[in-house]
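What follows is the content of protein.cif (mmCIF, C-alpha atoms and all ligand atoms).
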data_protein
loop_
_atom_site.label_atom_id
_atom_site.label_comp_id
_atom_site.auth_asym_id
_atom_site.auth_seq_id
_atom_site.Cartn_x
_atom_site.Cartn_y
_atom_site.Cartn_z
CA MET A 1 85.54 261.07 165.30
CA HIS A 2 87.95 262.54 167.85
CA GLU A 3 90.64 262.78 165.19
CA LEU A 4 88.20 264.45 162.81
CA VAL A 5 87.23 267.12 165.37
CA THR A 6 90.92 267.77 166.16
CA ALA A 7 91.63 268.14 162.45
CA ILE A 8 88.71 270.61 161.98
CA LYS A 9 89.79 272.62 165.01
CA ALA A 10 93.33 272.80 163.69
CA ALA A 11 92.10 273.89 160.23
CA ASP A 12 89.75 276.53 161.68
CA GLY A 13 92.07 277.81 164.33
CA GLU A 14 89.02 277.56 166.67
CA THR A 15 89.34 276.22 170.18
CA SER A 16 85.86 276.30 171.72
CA PHE A 17 83.09 275.45 169.21
CA LYS A 18 80.18 273.25 170.45
CA LYS A 19 78.75 271.58 167.32
CA VAL A 20 80.31 269.80 164.38
CA LEU A 21 78.14 269.18 161.31
CA ILE A 22 79.30 266.38 159.10
CA GLN A 23 78.13 266.13 155.54
CA VAL A 24 78.32 262.47 154.59
CA ARG A 25 77.63 263.23 150.94
CA LYS A 26 76.05 266.00 148.92
CA GLU A 27 72.26 266.42 149.00
CA GLU A 28 70.61 264.40 146.23
CA ARG A 29 67.92 266.29 144.32
CA GLU A 30 66.99 263.05 142.60
CA LYS A 31 67.50 259.60 144.08
CA ILE A 32 70.79 258.35 142.72
CA CYS A 33 71.98 255.92 145.39
CA GLN A 34 71.53 252.20 144.68
CA THR A 35 69.29 250.14 146.95
CA PHE A 36 71.04 247.11 148.41
CA LYS A 37 69.89 243.91 146.71
CA THR A 38 71.58 241.67 149.28
CA SER A 39 69.47 240.62 152.27
CA PHE A 40 71.03 240.28 155.67
CA PRO A 41 69.70 237.57 158.01
CA GLY A 42 68.41 239.05 161.28
CA VAL A 43 69.56 237.65 164.60
CA TYR A 44 66.70 236.62 166.91
CA CYS A 45 67.01 238.03 170.39
CA SER A 46 64.16 237.93 172.89
CA TRP A 47 63.94 240.75 175.40
CA PHE A 48 61.76 240.97 178.50
CA ASP A 49 60.21 244.00 180.15
CA PRO A 50 62.06 244.74 183.43
CA ASP A 51 58.91 246.32 184.91
CA LYS A 52 56.77 243.22 184.39
CA SER A 53 56.82 240.03 186.47
CA TYR A 54 57.37 236.59 184.93
CA VAL A 55 56.07 233.35 186.44
CA LEU A 56 57.84 230.02 186.00
CA ILE A 57 55.82 227.03 187.20
CA GLY A 58 58.39 224.38 188.16
CA GLY A 59 60.94 227.20 188.15
CA LEU A 60 63.18 225.45 190.70
CA GLY A 61 63.65 222.42 188.44
CA GLY A 62 66.71 221.82 186.25
CA LEU A 63 65.43 223.66 183.19
CA GLY A 64 63.45 226.20 185.25
CA LEU A 65 66.58 227.55 186.94
CA GLU A 66 68.44 227.74 183.63
CA LEU A 67 65.54 229.50 181.91
CA SER A 68 65.34 231.97 184.84
CA ASP A 69 69.02 232.77 184.47
CA TRP A 70 68.66 233.26 180.71
CA MET A 71 65.59 235.49 181.18
CA VAL A 72 67.31 237.66 183.79
CA ARG A 73 70.19 238.16 181.36
CA ARG A 74 67.55 239.24 178.82
CA GLY A 75 65.99 241.95 180.95
CA VAL A 76 63.75 240.23 183.51
CA ARG A 77 63.96 241.84 186.96
CA LYS A 78 60.90 240.30 188.67
CA LEU A 79 60.52 236.55 188.88
CA VAL A 80 58.11 234.20 190.60
CA LEU A 81 59.31 230.59 190.76
CA THR A 82 56.86 227.94 191.92
CA SER A 83 57.42 224.40 193.14
CA ARG A 84 55.47 222.21 195.57
CA SER A 85 58.42 221.65 197.89
CA GLY A 86 60.28 224.97 197.61
CA ILE A 87 64.07 225.24 197.81
CA SER A 88 65.43 221.92 199.03
CA THR A 89 68.96 221.63 197.60
CA GLY A 90 72.16 223.65 197.83
CA TYR A 91 72.17 223.90 194.05
CA GLN A 92 68.78 225.63 194.05
CA THR A 93 69.92 228.01 196.84
CA LYS A 94 73.01 228.95 194.86
CA LYS A 95 71.19 229.42 191.56
CA VAL A 96 68.53 231.63 193.18
CA ALA A 97 71.26 233.68 194.94
CA ASN A 98 72.90 234.15 191.51
CA LEU A 99 69.63 235.47 190.07
CA ARG A 100 69.39 238.00 192.92
CA GLN A 101 73.02 239.00 192.38
CA LEU A 102 72.21 239.67 188.74
CA GLY A 103 69.62 242.20 189.96
CA ALA A 104 66.39 240.20 189.93
CA GLU A 105 63.76 240.25 192.64
CA VAL A 106 62.88 236.57 193.09
CA VAL A 107 59.83 235.25 194.93
CA ILE A 108 59.61 231.52 195.64
CA LEU A 109 56.06 230.20 195.95
CA SER A 110 55.72 226.71 197.39
CA ILE A 111 52.30 225.89 195.98
CA SER A 112 50.75 223.85 193.24
CA VAL A 113 48.55 225.98 191.03
CA ASN A 114 45.79 223.39 190.91
CA THR A 115 42.93 225.29 192.58
CA VAL A 116 41.32 228.68 191.93
CA GLU A 117 42.52 229.84 195.39
CA ASN A 118 46.13 228.99 194.58
CA ALA A 119 45.82 230.59 191.16
CA ASN A 120 44.69 233.80 192.89
CA ILE A 121 47.60 233.61 195.36
CA LEU A 122 49.93 233.31 192.37
CA VAL A 123 48.43 236.32 190.59
CA GLN A 124 48.54 238.44 193.77
CA SER A 125 52.19 237.56 194.49
CA ALA A 126 53.25 238.26 190.92
CA THR A 127 51.28 241.51 190.49
CA LYS A 128 52.80 242.82 193.74
CA LEU A 129 56.10 242.76 191.83
CA GLY A 130 54.65 244.14 188.61
CA PRO A 131 52.05 243.46 185.90
CA ILE A 132 52.39 239.85 184.75
CA GLY A 133 54.32 239.60 181.49
CA GLY A 134 54.54 235.84 181.10
CA PHE A 135 53.54 232.39 182.31
CA PHE A 136 56.00 229.59 181.58
CA ASN A 137 54.88 226.11 182.63
CA LEU A 138 57.89 223.86 183.25
CA GLY A 139 56.30 221.76 185.98
CA LEU A 140 56.95 218.05 185.77
CA VAL A 141 55.97 214.90 187.63
CA LEU A 142 56.87 211.57 186.05
CA VAL A 143 55.41 208.21 187.01
CA ASP A 144 56.51 205.76 184.30
CA LYS A 145 54.99 202.28 184.40
CA PRO A 146 53.54 199.66 182.11
CA PHE A 147 49.88 200.56 181.65
CA LEU A 148 48.49 197.59 183.56
CA GLU A 149 50.57 198.39 186.66
CA HIS A 150 49.07 201.87 187.07
CA THR A 151 46.64 202.83 189.79
CA VAL A 152 44.35 205.83 189.24
CA GLU A 153 46.67 207.89 191.50
CA SER A 154 49.88 206.91 189.72
CA PHE A 155 48.34 207.46 186.29
CA THR A 156 46.95 210.90 187.14
CA ALA A 157 49.96 212.22 189.13
CA PRO A 158 51.70 213.80 186.08
CA LEU A 159 48.43 215.35 184.86
CA ASP A 160 48.01 217.85 187.70
CA VAL A 161 50.74 220.31 186.74
CA LYS A 162 50.29 219.75 183.02
CA ILE A 163 46.50 219.91 182.71
CA ASN A 164 45.08 221.57 185.84
CA THR A 165 47.79 224.21 186.13
CA THR A 166 47.76 225.07 182.42
CA ARG A 167 43.95 225.29 182.46
CA LEU A 168 43.97 227.64 185.49
CA LEU A 169 46.74 229.80 184.02
CA ASP A 170 44.69 230.00 180.84
CA GLN A 171 41.58 231.08 182.78
CA ILE A 172 43.27 233.77 184.87
CA SER A 173 45.13 235.16 181.91
CA ARG A 174 41.91 235.64 179.93
CA GLU A 175 40.74 238.08 182.62
CA GLU A 176 42.02 241.48 183.70
CA PRO A 177 44.45 242.50 185.08
CA VAL A 178 46.54 239.72 183.52
CA ARG A 179 44.99 239.76 180.05
CA SER A 180 46.33 243.12 178.94
CA SER A 181 49.85 242.77 180.34
CA LEU A 182 50.59 239.18 179.26
CA ASP A 183 53.09 238.76 176.41
CA TYR A 184 54.04 235.10 176.82
CA PHE A 185 52.11 231.92 177.65
CA VAL A 186 54.55 229.06 177.13
CA LEU A 187 54.24 225.34 177.81
CA PHE A 188 57.33 223.14 178.00
CA SER A 189 56.01 219.95 176.46
CA SER A 190 57.77 216.88 175.13
CA MET A 191 58.22 214.95 171.90
CA VAL A 192 56.58 212.16 173.91
CA ALA A 193 53.27 213.98 173.39
CA ASN A 194 53.23 213.08 169.70
CA HIS A 195 55.88 210.36 169.49
CA GLY A 196 54.88 208.23 172.48
CA HIS A 197 57.34 206.51 174.79
CA THR A 198 57.10 203.24 176.66
CA GLY A 199 55.59 203.76 180.10
CA GLN A 200 54.90 207.48 179.60
CA TYR A 201 51.31 207.38 178.32
CA ASN A 202 50.11 209.59 181.18
CA TYR A 203 52.91 212.15 180.69
CA GLY A 204 52.26 212.23 176.92
CA PHE A 205 48.51 212.57 177.49
CA GLY A 206 48.97 215.42 180.02
CA ASN A 207 51.22 217.33 177.65
CA SER A 208 48.87 216.75 174.77
CA VAL A 209 45.83 218.17 176.61
CA ALA A 210 47.86 221.20 177.77
CA GLU A 211 49.03 221.72 174.18
CA HIS A 212 45.42 221.93 173.01
CA ILE A 213 44.77 224.65 175.60
CA CYS A 214 47.61 226.67 174.03
CA GLU A 215 46.29 226.02 170.53
CA ARG A 216 42.85 227.30 171.60
CA ARG A 217 44.52 230.45 172.93
CA ARG A 218 46.24 231.09 169.62
CA LEU A 219 42.96 230.64 167.77
CA ASP A 220 41.49 233.24 170.15
CA GLY A 221 44.30 235.65 169.28
CA ILE A 222 46.07 235.60 172.66
CA PRO A 223 49.62 234.41 173.46
CA GLY A 224 50.19 230.65 173.41
CA LEU A 225 53.33 228.69 172.53
CA VAL A 226 54.25 225.03 173.02
CA VAL A 227 57.77 223.71 172.74
CA GLN A 228 58.00 219.96 172.40
CA TRP A 229 61.50 219.18 173.58
CA GLY A 230 63.35 215.99 172.85
CA PRO A 231 65.57 214.88 175.73
CA VAL A 232 67.63 217.74 177.17
CA GLY A 233 71.12 217.09 178.54
CA ASP A 234 73.19 218.76 181.27
CA VAL A 235 70.32 219.56 183.70
CA GLY A 236 66.79 218.43 184.46
CA PHE A 237 65.44 214.92 184.76
CA VAL A 238 67.21 213.56 181.66
CA GLY A 239 70.40 215.56 182.31
CA LYS A 240 70.81 213.58 185.54
CA MET A 241 71.17 210.40 183.40
CA GLY A 242 74.11 211.84 181.40
CA ASN A 243 74.54 213.17 177.88
CA ASN A 244 74.76 209.83 176.06
CA VAL A 245 71.35 208.34 176.79
CA ILE A 246 69.03 207.79 173.86
CA ILE A 247 65.32 208.39 174.41
CA ILE A 248 62.69 208.05 171.66
CA ALA A 249 65.67 207.66 169.31
CA LYS A 250 66.85 211.18 170.18
CA LEU A 251 70.10 212.27 171.79
CA PRO A 252 70.10 214.81 174.63
CA GLN A 253 70.21 218.36 173.34
CA ARG A 254 72.91 220.42 175.02
CA LEU A 255 71.82 223.33 177.16
CA HIS A 256 73.37 226.12 175.11
CA THR A 257 71.41 225.05 172.02
CA VAL A 258 68.25 224.72 174.12
CA LYS A 259 68.62 228.41 174.98
CA SER A 260 69.44 229.60 171.47
CA THR A 261 66.62 227.51 169.98
CA PHE A 262 64.19 228.77 172.58
CA ASP A 263 65.22 232.34 171.76
CA TYR A 264 64.28 231.74 168.14
CA MET A 265 61.04 229.94 169.00
CA LEU A 266 59.90 232.69 171.33
CA SER A 267 60.41 235.32 168.64
CA GLN A 268 58.57 233.50 165.85
CA THR A 269 54.84 234.05 165.55
CA THR A 270 53.90 231.62 162.79
CA SER A 271 53.57 228.36 164.74
CA CYS A 272 51.91 227.51 168.04
CA ILE A 273 53.52 224.08 168.48
CA VAL A 274 57.21 223.78 167.69
CA SER A 275 59.76 221.11 168.55
CA SER A 276 63.44 220.85 169.12
CA TYR A 277 65.48 217.66 169.28
CA VAL A 278 68.74 216.04 168.23
CA PRO A 279 68.07 212.98 166.06
CA GLN A 280 70.22 209.97 166.62
CA ASP A 281 72.44 209.18 163.66
CA HIS A 282 71.72 205.49 163.06
CA SER A 283 74.45 205.21 160.45
CA THR A 284 77.15 205.94 163.08
CA ALA A 285 75.29 203.90 165.68
CA MET A 286 75.74 200.90 163.39
CA ASP A 287 79.52 201.14 163.47
CA SER A 288 80.28 200.62 167.14
CA GLY A 289 81.85 197.68 168.99
CA GLU A 290 82.40 194.03 168.32
CA GLU A 291 78.76 193.08 167.81
CA THR A 292 77.51 190.60 165.21
CA LEU A 293 75.19 192.01 162.56
CA PRO A 294 71.97 190.63 164.19
CA GLN A 295 73.08 192.10 167.54
CA LYS A 296 73.76 195.49 165.98
CA ILE A 297 70.42 195.59 164.21
CA SER A 298 68.60 194.53 167.39
CA ARG A 299 70.36 197.27 169.35
CA VAL A 300 69.48 199.97 166.84
CA VAL A 301 65.87 198.78 166.60
CA GLY A 302 65.80 198.72 170.44
CA GLU A 303 66.98 202.34 170.52
CA ILE A 304 64.17 203.32 168.16
CA LEU A 305 61.71 201.57 170.47
CA GLY A 306 63.22 203.28 173.53
CA VAL A 307 64.56 199.98 174.92
CA LYS A 308 67.90 200.57 176.62
CA ASP A 309 69.06 196.95 176.73
CA VAL A 310 67.40 194.49 174.35
CA THR A 311 68.87 191.52 176.21
CA ASN A 312 66.57 192.39 179.14
CA VAL A 313 63.44 192.25 177.01
CA ASP A 314 61.31 189.16 176.36
CA GLY A 315 62.48 188.23 172.82
CA ASP A 316 59.02 186.88 171.93
CA LYS A 317 57.10 190.09 172.71
CA GLU A 318 55.78 191.79 169.61
CA PHE A 319 57.14 195.27 168.94
CA VAL A 320 53.64 196.67 169.20
CA GLU A 321 53.54 195.40 172.82
CA LEU A 322 56.82 197.22 173.48
CA GLY A 323 55.29 200.58 172.57
CA LEU A 324 55.82 200.65 168.79
CA ASP A 325 53.94 203.50 167.10
CA SER A 326 53.58 204.43 163.44
CA LEU A 327 56.61 206.77 163.40
CA MET A 328 58.80 204.12 164.99
CA SER A 329 57.58 201.54 162.40
CA VAL A 330 58.71 203.85 159.63
CA GLU A 331 62.10 204.39 161.30
CA ILE A 332 62.58 200.62 161.74
CA LYS A 333 61.48 199.99 158.16
CA GLN A 334 64.02 202.50 156.84
CA THR A 335 66.80 201.15 159.06
CA LEU A 336 66.24 197.58 157.85
CA GLU A 337 66.12 198.67 154.22
CA ARG A 338 69.26 200.80 154.49
CA GLN A 339 71.38 198.56 156.67
CA VAL A 340 70.48 194.99 155.68
CA ASN A 341 68.40 195.41 152.55
CA ILE A 342 65.33 193.80 154.10
CA VAL A 343 62.08 195.28 152.85
CA LEU A 344 59.03 194.80 155.09
CA ASP A 345 55.72 196.57 155.34
CA THR A 346 54.74 198.31 158.56
CA LYS A 347 52.18 195.62 159.46
CA GLU A 348 54.97 193.00 159.40
CA ILE A 349 57.08 195.25 161.60
CA GLN A 350 54.27 195.59 164.16
CA LEU A 351 54.09 191.80 164.53
CA MET A 352 57.84 191.37 164.68
CA THR A 353 59.71 190.31 167.84
CA PHE A 354 63.42 190.61 168.67
CA ASN A 355 63.75 186.84 168.13
CA SER A 356 62.10 186.94 164.69
CA LEU A 357 64.22 189.98 163.77
CA LYS A 358 67.38 188.09 164.71
CA SER A 359 66.40 185.05 162.60
CA LEU A 360 65.51 187.29 159.67
CA VAL A 361 68.85 189.13 159.75
CA GLU A 362 70.78 185.86 160.20
CA ALA A 363 68.94 184.35 157.23
N1 LIG A 401 64.51 217.59 180.78
C1 LIG A 401 64.13 217.09 179.62
O1 LIG A 401 64.84 216.33 178.98
C2 LIG A 401 62.78 217.46 179.06
C3 LIG A 401 62.39 216.90 177.83
C4 LIG A 401 61.15 217.22 177.32
C5 LIG A 401 60.34 218.09 178.00
N2 LIG A 401 60.75 218.61 179.19
C6 LIG A 401 59.83 219.51 179.91
O2 LIG A 401 60.57 220.57 180.46
C7 LIG A 401 60.05 220.92 181.73
C8 LIG A 401 61.14 220.96 182.78
O3 LIG A 401 61.78 219.70 182.89
P1 LIG A 401 63.01 219.48 183.90
O4 LIG A 401 63.88 218.47 183.29
O5 LIG A 401 63.57 220.78 184.30
O6 LIG A 401 62.26 218.80 185.14
P2 LIG A 401 62.67 218.79 186.68
O7 LIG A 401 64.11 219.10 186.87
O8 LIG A 401 62.15 217.50 187.22
O9 LIG A 401 61.82 219.99 187.27
C9 LIG A 401 60.43 219.97 187.31
C10 LIG A 401 59.96 220.79 188.48
O10 LIG A 401 58.54 220.82 188.48
C11 LIG A 401 58.13 220.99 189.82
N3 LIG A 401 56.73 220.66 189.96
C12 LIG A 401 56.11 219.47 189.87
N4 LIG A 401 54.80 219.61 190.07
C13 LIG A 401 54.58 220.91 190.29
C14 LIG A 401 53.42 221.67 190.57
N5 LIG A 401 52.21 221.10 190.65
N6 LIG A 401 53.55 223.01 190.75
C15 LIG A 401 54.76 223.59 190.67
N7 LIG A 401 55.91 222.92 190.40
C16 LIG A 401 55.80 221.60 190.22
C17 LIG A 401 59.07 220.09 190.61
O11 LIG A 401 59.27 220.58 191.92
P3 LIG A 401 58.41 220.00 193.15
O12 LIG A 401 58.54 218.53 193.09
O13 LIG A 401 59.02 220.65 194.34
O14 LIG A 401 57.03 220.47 192.91
C18 LIG A 401 60.39 220.25 189.83
O15 LIG A 401 61.26 221.18 190.44
C19 LIG A 401 58.92 219.93 182.01
O16 LIG A 401 57.71 220.55 181.72
C20 LIG A 401 59.15 218.79 181.06
O17 LIG A 401 57.93 218.19 180.65
C21 LIG A 401 61.94 218.32 179.73
#
Translate this structure into structure tokens?
Ligand SMILES: NC(=O)c1ccc[n+]([C@@H]2O[C@H](COP(=O)([O-])OP(=O)(O)OC[C@H]3O[C@@H](n4cnc5c(N)ncnc54)[C@H](OP(=O)(O)O)[C@@H]3O)[C@@H](O)[C@H]2O)c1
Amino acid sequence: MHELVTAIKAADGETSFKKVLIQVRKEEREKICQTFKTSFPGVYCSWFDPDKSYVLIGGLGGLGLELSDWMVRRGVRKLVLTSRSGISTGYQTKKVANLRQLGAEVVILSISVNTVENANILVQSATKLGPIGGFFNLGLVLVDKPFLEHTVESFTAPLDVKINTTRLLDQISREEPVRSSLDYFVLFSSMVANHGHTGQYNYGFGNSVAEHICERRRLDGIPGLVVQWGPVGDVGFVGKMGNNVIIIAKLPQRLHTVKSTFDYMLSQTTSCIVSSYVPQDHSTAMDSGEETLPQKISRVVGEILGVKDVTNVDGDKEFVELGLDSLMSVEIKQTLERQVNIVLDTKEIQLMTFNSLKSLVEA
């Protein structure tokens, strides 16, 4: 452009004109230009209103702090992060300081939003910063146990933040002043809600009830989105175990893809419940180590069942007692057919034990 202006000035002998009109092509009296037939894929990019406040329940957790950082880089300037215990680690202090350095006003609320009073405190704190633009529930309490070992308290502990908090957020966001400013109502759920996982019945149940609250919202024409995550690596409660663990036959999803996937999911409006996970590749899992064939098959079947070490499991327990569900039966059925050419029906798989599997593969 600069070169063009210099060239025009030189041609005109002018030195001080203010406007340059550029004719890209001659005026068309009739449309002669061709429309492009090629379509170009759009790039999804969520953006948040800097004048609104955004609330992250469980915002001081592993994923909460990462989501906050991502949101601030996407425009958020007013954040409310809740947790029952508040900032308790140097990591949380540093991450919150980073958010402030990036220009965000951050309020930490050490409450559980499980009563109407606390829900009102939350709304007041957030609206002081600005009209509420989004609720993101990333709260998590896990108490994994075999069903018979649960007390009422241990069973219900994970339900508070999933069910009570989601229900209260739903109620307050159906009323003014929140109703008209709210753009996002997002629940971080888990594949465990539909897949099941040994010892996590209560967690799966809590997520499932909260998911239905979001579905109801969508039917009522107000914001509601559920993301069922498979295990997430790098941070959070699974991240602490490392990036090679296998849970519900899924590998931990790395953080950068969690963010890019979430970006896409937040922008789409077609589905209320979406999921994101990295499936385990059983064909490569079969190739490792010096194991015998029955050992390999037992290990892979164990991974599908969510059993870390099959040698620690009672070999005479039926798979159904170890938490087998219909999806797992299908996965085991396909693995046996593909890897050892054994064809069973799902009923036979339900009654199978690790000892009977071993004998079958040996035979
Ligand atoms: N990480 C994964 O692999 C994974 C997989 C699937 C789904 N998810 C979902 O993603 C979300 C975040 O997981 P994460 O790994 O980041 O968990 P995390 O690191 O354990 O963080 C969860 C946070 O929730 C807070 N919390 C618990 N009860 C609360 C309550 N009543 N009110 C406010 N805060 C509460 C906890 O803080 P206090 O103890 O101080 O309250 C904690 O900081 C969860 O909803 C989880 O279900 C995670």
Requested in this report: Kindly compile the residues surrounding ligand LIG 401 (chain A) within 8 Å, counting all atoms listed in the file, and format them as a PyMOL selection string.
Outcome: chain A and resi 57-65+82-87+110-114+137-141+158+160-162+165+187-192+203+207+228-233+235-239+252
Report task. Using only C-alpha atoms, pick whichever of A:Asp183, A:Asp170, A:Asp51, A:Glu211 has the shortest atom-to-atom distance to Gly134 in chain A. Result ->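 Residue with the minimum atom-to-atom distance to Gly134 in chain A: A:Asp183.
For the residues A:Val72, A:Met265, A:Ile304, A:Ile132, ranking by smallest atom-to-atom distance to Gln101 in chain A using only C-alpha atoms places A:Val72 first.
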Query raised in the report: Could you pull the residues within 8 Å of Pro177 in chain A, counting only C-alpha atoms, minus those fewer than 3 positions along the same chain, as a list of chain:residue names?
Result: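 My reading of the contact set: A:Pro131, A:Ser180, A:Ser181.
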I'd like the neighbourhood of Pro223 in chain A as a PDB file with C-alpha atoms, in the frame of the given file, where a residue qualifies if any of its atoms comes within 9 Å (using only C-alpha atoms), though same-chain residues fewer than 2 positions away should be ignored.
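part_3.pdb, freshly written:
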ATOM      1  CA  LEU A 182      50.590 239.180 179.260  1.00  0.00           C
ATOM      2  CA  ASP A 183      53.090 238.760 176.410  1.00  0.00           C
ATOM      3  CA  TYR A 184      54.040 235.100 176.820  1.00  0.00           C
ATOM      4  CA  PHE A 185      52.110 231.920 177.650  1.00  0.00           C
ATOM      5  CA  VAL A 186      54.550 229.060 177.130  1.00  0.00           C
ATOM      6  CA  CYS A 214      47.610 226.670 174.030  1.00  0.00           C
ATOM      7  CA  ARG A 217      44.520 230.450 172.930  1.00  0.00           C
ATOM      8  CA  ARG A 218      46.240 231.090 169.620  1.00  0.00           C
ATOM      9  CA  ASP A 220      41.490 233.240 170.150  1.00  0.00           C
ATOM     10  CA  GLY A 221      44.300 235.650 169.280  1.00  0.00           C
ATOM     11  CA  LEU A 225      53.330 228.690 172.530  1.00  0.00           C
TER      12      LEU A 225
END
Report task. Quick one: everything within 7 Å of Tyr44 in chain A, counting all atoms listed in the file, minus sequence neighbours fewer than 4 positions away in the same chain. Send it as a list in words. Result -> Asp263, Tyr264 and Ser267 of chain A
Query raised in the report: Taking into account all atoms listed in the file, which residue in the set A:Val106, A:Leu159, A:Val76, A:Val258 is nearest to Thr93 in chain A?
Result: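 The closest residue to Thr93 in chain A is A:Val106.
We find CA of Asp49 in chain A and CA of Asp234 in chain A to be spaced 28.4 Å apart.
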Requested in this report: Mind giving me the straight-line distance from CA of Leu324 in chain A to CA of Val227 in chain A in Å, one decimal?
Outcome: 23.5 Å
